[in-house]
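The structure appears below as structure tokens.
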Amino acid sequence: MSETFSLQFQGVEARLQQADAAAFLGSLPSESVDLIVTSPPYFLGKEYDKSRAAADFAAELGRVIPLARAALKEGGSLCWQVGNHVQNGELLPLDFAVGWAMADSGMKLRNRIIWTFSHGAHASTRFSGRHETILWYTKGQSAFFDLDSVRVPQKYPGKRHYKGPNKGDWSGNPLGKNPGDVWSIGEVWDIPNVKAGHVEKTSHPCQFPTALVRRLVTALCPRGGTVVDPYLGSGSAAVSALLEGRNFVGSDITSRYLEIAAKRLETLVEGNLKVRPDMPVRQPNDCEAVAKTPPHFKARLECVDA
């Protein structure tokens with residue numbers, strides 16, 4: 001594809017361009033963006049990483065945070081989705097680094113959202129990592145937040161007030177409950193990470209699930225507003241914005257990733273894009289072979305019990 005790409009979908013527009021994140025953010029008009037939602041490189045040695053040093057991750061934040069803040073409208077939101085930097089067996093939660101970098105930005109931290117998932121790399125010298133974090137910052141005290149648009153089903157919809165002036169009345173919200181700040185396996189609605197077999201999987205090595213981004217887009221950006229991702233990757237933020245009736249502008253420094261994102265958007269416009277809805281993870285039933293305990297597991301457990 002060329003260095004720029006754009007298309008329209010149901011009254012909104014997506015624009016992609018090949019550019020360094022800082023250069024891209026610096027080119028945006030001041031106070032023109034409603035929501036920035038992104039996941040910067042973790043500097044773990046992926047093909048797009050510049051190094052394997054956590055200090056370089058912090059330096060990257062220092063480059064882009066002032067530019068991101070300048071592009072945001074007053075009341076706009078910035079969501080950084082990050083995991084852990086692991087090197088030589090030592091772990092650094094990258095949300096620590098984001099917090100340090102944001103300390104003097106004037107941005108306000110509203111939530112530290114924990115996103116948990118059941119599948120990922122299996123560790124042998126520590127507990128396997130099964131969560132990442134989303135840090136939601138706002139520019140200014142008053143920020144757009146549409147809670148009703150992202151409520152999830154009540155666990156106990158028939159619950160009533162047991163005391164006070166509303167005793168005996170229904171206590172739940174008919175639209176559902178606040179999803180809280182832990183988006184996890186075991187809740188009514190789950191958001192699995194994108195691994196082999198996921199309907200959204202592309203060749204990008206580290207991909208956002210659209211269900212995760214759509215929840216942020218819907219709650220934190222008004223319809224018709226503008227969503228930005230300066231580390232576009234496979235384009236999940238772009239897909240999510242258009243599906244939710246928001247405009248999108250994004251960049252990536254790697255042309256191959258821009259091609260992946262552009263193809264996903266074209267497939268969306270054609271009506272053929274596969275997207276996993278925000279729904280419970282399928283659980284195997286007892287009759288399936290994968291759910292049955294194999295004989296050597298049973299033998300091993302018997303030895304342990306003995």
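Chain lettering (A, B, ...) mirrors the order of the structure tokens, residue numbering begins at 1 for each chain separately, and ligand numbering begins at 1 in order of display.
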Legend entry - Sel. of helix (DSSP H, G or I) residues, stretch 32-114 of chain A, as number ranges by chain: A: 54-71, 94-102
Requested write-out: N, CA and C atoms of the selected residues, as a compact mmCIF listing (two decimals), in the first residue's frame:
```txt
# COMPACT_ATOMS: atom_id res chain seq x y z
N ALA A 54 14.27 -2.11 29.13
CA ALA A 54 13.11 -1.43 29.71
C ALA A 54 13.30 0.08 29.72
N ALA A 55 14.54 0.52 29.85
CA ALA A 55 14.82 1.96 29.85
C ALA A 55 14.42 2.59 28.52
N ASP A 56 14.53 1.83 27.44
CA ASP A 56 14.14 2.36 26.14
C ASP A 56 12.63 2.46 26.01
N PHE A 57 11.91 1.56 26.68
CA PHE A 57 10.44 1.69 26.74
C PHE A 57 10.07 3.00 27.42
N ALA A 58 10.71 3.30 28.54
CA ALA A 58 10.44 4.54 29.26
C ALA A 58 10.80 5.76 28.40
N ALA A 59 11.90 5.67 27.66
CA ALA A 59 12.30 6.77 26.79
C ALA A 59 11.28 6.99 25.68
N GLU A 60 10.73 5.91 25.15
CA GLU A 60 9.70 6.02 24.12
C GLU A 60 8.47 6.74 24.67
N LEU A 61 8.08 6.42 25.89
CA LEU A 61 6.95 7.11 26.50
C LEU A 61 7.24 8.60 26.64
N GLY A 62 8.46 8.92 27.03
CA GLY A 62 8.82 10.32 27.18
C GLY A 62 8.70 11.09 25.89
N ARG A 63 8.93 10.41 24.77
CA ARG A 63 8.80 11.07 23.45
C ARG A 63 7.35 11.36 23.10
N VAL A 64 6.47 10.40 23.38
CA VAL A 64 5.12 10.48 22.81
C VAL A 64 4.06 11.05 23.75
N ILE A 65 4.22 10.93 25.06
CA ILE A 65 3.16 11.36 25.98
C ILE A 65 2.84 12.85 25.85
N PRO A 66 3.82 13.75 25.82
CA PRO A 66 3.45 15.17 25.66
C PRO A 66 2.71 15.45 24.36
N LEU A 67 3.07 14.74 23.30
CA LEU A 67 2.41 14.93 22.01
C LEU A 67 0.99 14.37 22.03
N ALA A 68 0.82 13.23 22.72
CA ALA A 68 -0.51 12.65 22.85
C ALA A 68 -1.43 13.57 23.64
N ARG A 69 -0.92 14.13 24.71
CA ARG A 69 -1.72 15.05 25.53
C ARG A 69 -2.14 16.27 24.73
N ALA A 70 -1.22 16.81 23.93
CA ALA A 70 -1.53 18.00 23.14
C ALA A 70 -2.62 17.72 22.11
N ALA A 71 -2.65 16.50 21.57
CA ALA A 71 -3.63 16.16 20.55
C ALA A 71 -5.02 15.92 21.13
N LEU A 94 5.04 -3.05 33.16
CA LEU A 94 5.24 -1.83 32.38
C LEU A 94 4.28 -0.72 32.77
N ASP A 95 3.19 -1.06 33.47
CA ASP A 95 2.34 0.03 33.94
C ASP A 95 3.05 0.90 34.98
N PHE A 96 4.05 0.32 35.67
CA PHE A 96 4.88 1.14 36.56
C PHE A 96 5.57 2.24 35.75
N ALA A 97 6.17 1.84 34.63
CA ALA A 97 6.89 2.79 33.80
C ALA A 97 5.96 3.85 33.23
N VAL A 98 4.76 3.43 32.83
CA VAL A 98 3.78 4.40 32.33
C VAL A 98 3.41 5.40 33.42
N GLY A 99 3.21 4.89 34.64
CA GLY A 99 2.88 5.77 35.77
C GLY A 99 3.96 6.80 36.03
N TRP A 100 5.22 6.34 35.98
CA TRP A 100 6.33 7.27 36.19
C TRP A 100 6.37 8.33 35.08
N ALA A 101 6.18 7.88 33.84
CA ALA A 101 6.25 8.81 32.71
C ALA A 101 5.09 9.81 32.73
N MET A 102 3.95 9.39 33.27
CA MET A 102 2.77 10.25 33.30
C MET A 102 2.75 11.20 34.50
```
Legend entry - 7 Å contact set for A:Thr116, only C-alpha atoms, chain neighbours under 5 positions out, as a list in words: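 Answer for this query is Arg130, His131, Glu132, Trp183, Ser184 and Ile185 of chain A.
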Inset, instruction - Counting only C-alpha atoms, figure out which residue out of A:Asp181, A:Asp20, A:Asp34, A:Glu266 gets nearest to A:Val239. - result: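 Of the candidates, the smallest distance to A:Val239 is held by A:Glu266.
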Inset, instruction - Name the closest residue to A:Pro40 among the candidates A:Val269, A:Val82, A:Ala237, A:Ile253; distances are taken between atoms, counting only C-alpha atoms. - result: A:Val82
Inset, instruction - Quick one: everything within 8 Å of A:Tyr257, counting only C-alpha atoms, minus sequence neighbours fewer than 5 positions away in the same chain. Send it as a ChimeraX atom specification. - result: /A:204,232-235,252
Write to file, as a short mmCIF file (atom, residue, chain, number, x, y, z; two decimals), in the first residue's frame, the residues of the selection just made, with C-alpha atoms.
```
data_model
loop_
_atom_site.label_atom_id
_atom_site.label_comp_id
_atom_site.auth_asym_id
_atom_site.auth_seq_id
_atom_site.Cartn_x
_atom_site.Cartn_y
_atom_site.Cartn_z
CA HIS A 204 0.95 -9.79 13.57
CA LEU A 232 -1.47 0.67 14.85
CA GLY A 233 -0.17 -2.88 14.47
CA SER A 234 -2.84 -5.15 13.02
CA GLY A 235 -5.49 -2.43 13.11
CA ASP A 252 2.58 2.47 12.23
#
```
Inset, instruction - Please return as a ChimeraX atom specification: the residues of stretch 67-205 of chain A that backbone DSSP assigns to strand (DSSP E). - result: /A:72-82,84-87,90-93,108-116,131-138,182-183
Store the residues picked out above in a file with C-alpha atoms, as an mmCIF file, in the first residue's frame.
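Output contents, as saved in part33.cif:
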```
data_model
loop_
_atom_site.group_PDB
_atom_site.id
_atom_site.type_symbol
_atom_site.label_atom_id
_atom_site.label_comp_id
_atom_site.auth_asym_id
_atom_site.auth_seq_id
_atom_site.Cartn_x
_atom_site.Cartn_y
_atom_site.Cartn_z
ATOM 1 C CA LEU A 72 -6.376 15.240 23.037
ATOM 2 C CA LYS A 73 -9.412 17.423 23.545
ATOM 3 C CA GLU A 74 -10.121 18.715 27.035
ATOM 4 C CA GLY A 75 -12.041 15.848 28.608
ATOM 5 C CA GLY A 76 -10.495 13.331 26.218
ATOM 6 C CA SER A 77 -9.056 9.980 27.261
ATOM 7 C CA LEU A 78 -5.797 8.105 26.824
ATOM 8 C CA CYS A 79 -5.697 4.312 27.318
ATOM 9 C CA TRP A 80 -2.333 2.544 27.453
ATOM 10 C CA GLN A 81 -2.593 -1.252 27.314
ATOM 11 C CA VAL A 82 0.621 -2.812 28.614
ATOM 12 C CA ASN A 84 5.268 -7.015 31.542
ATOM 13 C CA HIS A 85 8.858 -6.626 30.410
ATOM 14 C CA VAL A 86 10.734 -9.840 31.199
ATOM 15 C CA GLN A 87 14.488 -10.228 30.823
ATOM 16 C CA GLU A 90 13.264 -10.639 36.051
ATOM 17 C CA LEU A 91 9.858 -9.050 35.546
ATOM 18 C CA LEU A 92 8.999 -5.338 35.339
ATOM 19 C CA PRO A 93 5.290 -4.438 35.142
ATOM 20 C CA LYS A 108 -5.439 12.106 35.624
ATOM 21 C CA LEU A 109 -5.452 8.337 36.156
ATOM 22 C CA ARG A 110 -9.097 7.192 36.326
ATOM 23 C CA ASN A 111 -8.734 3.407 36.291
ATOM 24 C CA ARG A 112 -6.143 0.672 36.289
ATOM 25 C CA ILE A 113 -8.081 -2.032 34.477
ATOM 26 C CA ILE A 114 -6.884 -5.609 34.810
ATOM 27 C CA TRP A 115 -7.523 -7.767 31.753
ATOM 28 C CA THR A 116 -7.094 -11.463 32.496
ATOM 29 C CA HIS A 131 -3.064 -10.643 32.873
ATOM 30 C CA GLU A 132 -2.227 -7.284 31.369
ATOM 31 C CA THR A 133 -3.318 -3.792 32.355
ATOM 32 C CA ILE A 134 -5.044 -0.840 30.738
ATOM 33 C CA LEU A 135 -4.285 2.530 32.285
ATOM 34 C CA TRP A 136 -7.092 5.014 31.597
ATOM 35 C CA TYR A 137 -6.006 8.639 31.852
ATOM 36 C CA THR A 138 -8.072 11.742 31.145
ATOM 37 C CA VAL A 182 -11.168 -6.525 36.319
ATOM 38 C CA TRP A 183 -12.155 -7.907 32.928
#
```
Inset, instruction - Would you kindly return, as a ChimeraX atom specification, each protein, DNA or RNA residue with an atom no farther than 10 Å from any atom of A:Glu3, considering only C-alpha atoms and excluding same-chain residues fewer than 5 positions away? - result: /A:16-19,251,253,255,258
Inset, instruction - For each of A:Glu259, A:Pro295, A:Val249, A:Ala121, take the minimum atom-to-atom distance to A:Pro29, counting only C-alpha atoms, then give the residue where this is smallest. - result: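 Checking each candidate against A:Pro29, we get A:Val249 as the closest.
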Legend entry - Distance of atom CA of A:Ser39 from atom CA of A:Ile260, expressed in Å to one decimal place: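 Computing the Euclidean distance for atom CA of A:Ile260 and atom CA of A:Ser39 yields 16.7 Å.
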Inset, instruction - One decimal, Å: what's the distance from atom CA of A:Leu268 over to atom CA of A:Pro153, could you say? - result: 27.8 Å
Inset, instruction - Compile the contact shell of A:Leu216 as a ChimeraX atom specification: residues with an atom at most 9 Å away, counting only C-alpha atoms, same-chain residues fewer than 2 positions apart removed. - result: /A:35,37,79,150,211-214,218-221
Just write the chosen residues, N, CA and C atoms, as a short mmCIF file (atom, residue, chain, number, x, y, z; two decimals), in the first residue's frame.
```cif
data_model
loop_
_atom_site.label_atom_id
_atom_site.label_comp_id
_atom_site.auth_asym_id
_atom_site.auth_seq_id
_atom_site.Cartn_x
_atom_site.Cartn_y
_atom_site.Cartn_z
N LEU A 35 -10.19 10.15 21.88
CA LEU A 35 -9.65 8.98 22.58
C LEU A 35 -8.40 8.48 21.87
N VAL A 37 -6.17 5.15 22.12
CA VAL A 37 -6.12 3.82 22.71
C VAL A 37 -5.05 3.03 21.97
N CYS A 79 -5.75 5.66 26.75
CA CYS A 79 -5.70 4.31 27.32
C CYS A 79 -4.44 3.61 26.82
N VAL A 150 -21.70 0.03 28.09
CA VAL A 150 -20.82 -1.12 28.27
C VAL A 150 -21.21 -1.98 29.48
N ALA A 211 -12.82 -6.98 20.94
CA ALA A 211 -13.78 -6.83 22.04
C ALA A 211 -13.22 -5.96 23.15
N LEU A 212 -11.92 -6.06 23.39
CA LEU A 212 -11.29 -5.24 24.43
C LEU A 212 -11.32 -3.76 24.03
N VAL A 213 -10.96 -3.48 22.78
CA VAL A 213 -10.90 -2.10 22.32
C VAL A 213 -12.30 -1.51 22.18
N ARG A 214 -13.24 -2.31 21.71
CA ARG A 214 -14.60 -1.78 21.50
C ARG A 214 -15.23 -1.33 22.80
N THR A 218 -16.44 2.48 23.02
CA THR A 218 -17.85 2.76 23.28
C THR A 218 -18.03 3.61 24.53
N ALA A 219 -17.26 3.32 25.56
CA ALA A 219 -17.44 4.02 26.83
C ALA A 219 -16.76 5.38 26.86
N LEU A 220 -15.67 5.56 26.12
CA LEU A 220 -14.83 6.73 26.32
C LEU A 220 -14.78 7.70 25.14
N CYS A 221 -15.46 7.39 24.06
CA CYS A 221 -15.48 8.28 22.90
C CYS A 221 -16.92 8.45 22.42
#
```
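When only C-alpha atoms are used to compute distances to A:Phe248, the closest of the residues A:Gly26, A:Gly224, A:Gly164, A:Pro174 turns out to be A:Gly224.
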Inset, instruction - For A:Ser6, work out the shell of residues within 8 Å, counting only C-alpha atoms and skipping chain neighbours fewer than 5 positions away, then give it as a list in words. - result: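 Counting only C-alpha atoms, the residues come to Glu13, Ala14, Arg15 and Leu16 of chain A.
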Go ahead and write the residues just picked, C-alpha atoms, as a PDB file, in the first residue's frame.
```
ATOM      1  CA  GLU A  13     -13.812   7.375   8.134  1.00  0.00           C
ATOM      2  CA  ALA A  14     -10.515   5.631   8.837  1.00  0.00           C
ATOM      3  CA  ARG A  15      -7.154   7.092   7.821  1.00  0.00           C
ATOM      4  CA  LEU A  16      -3.892   5.166   8.161  1.00  0.00           C
TER       5      LEU A  16
END
```
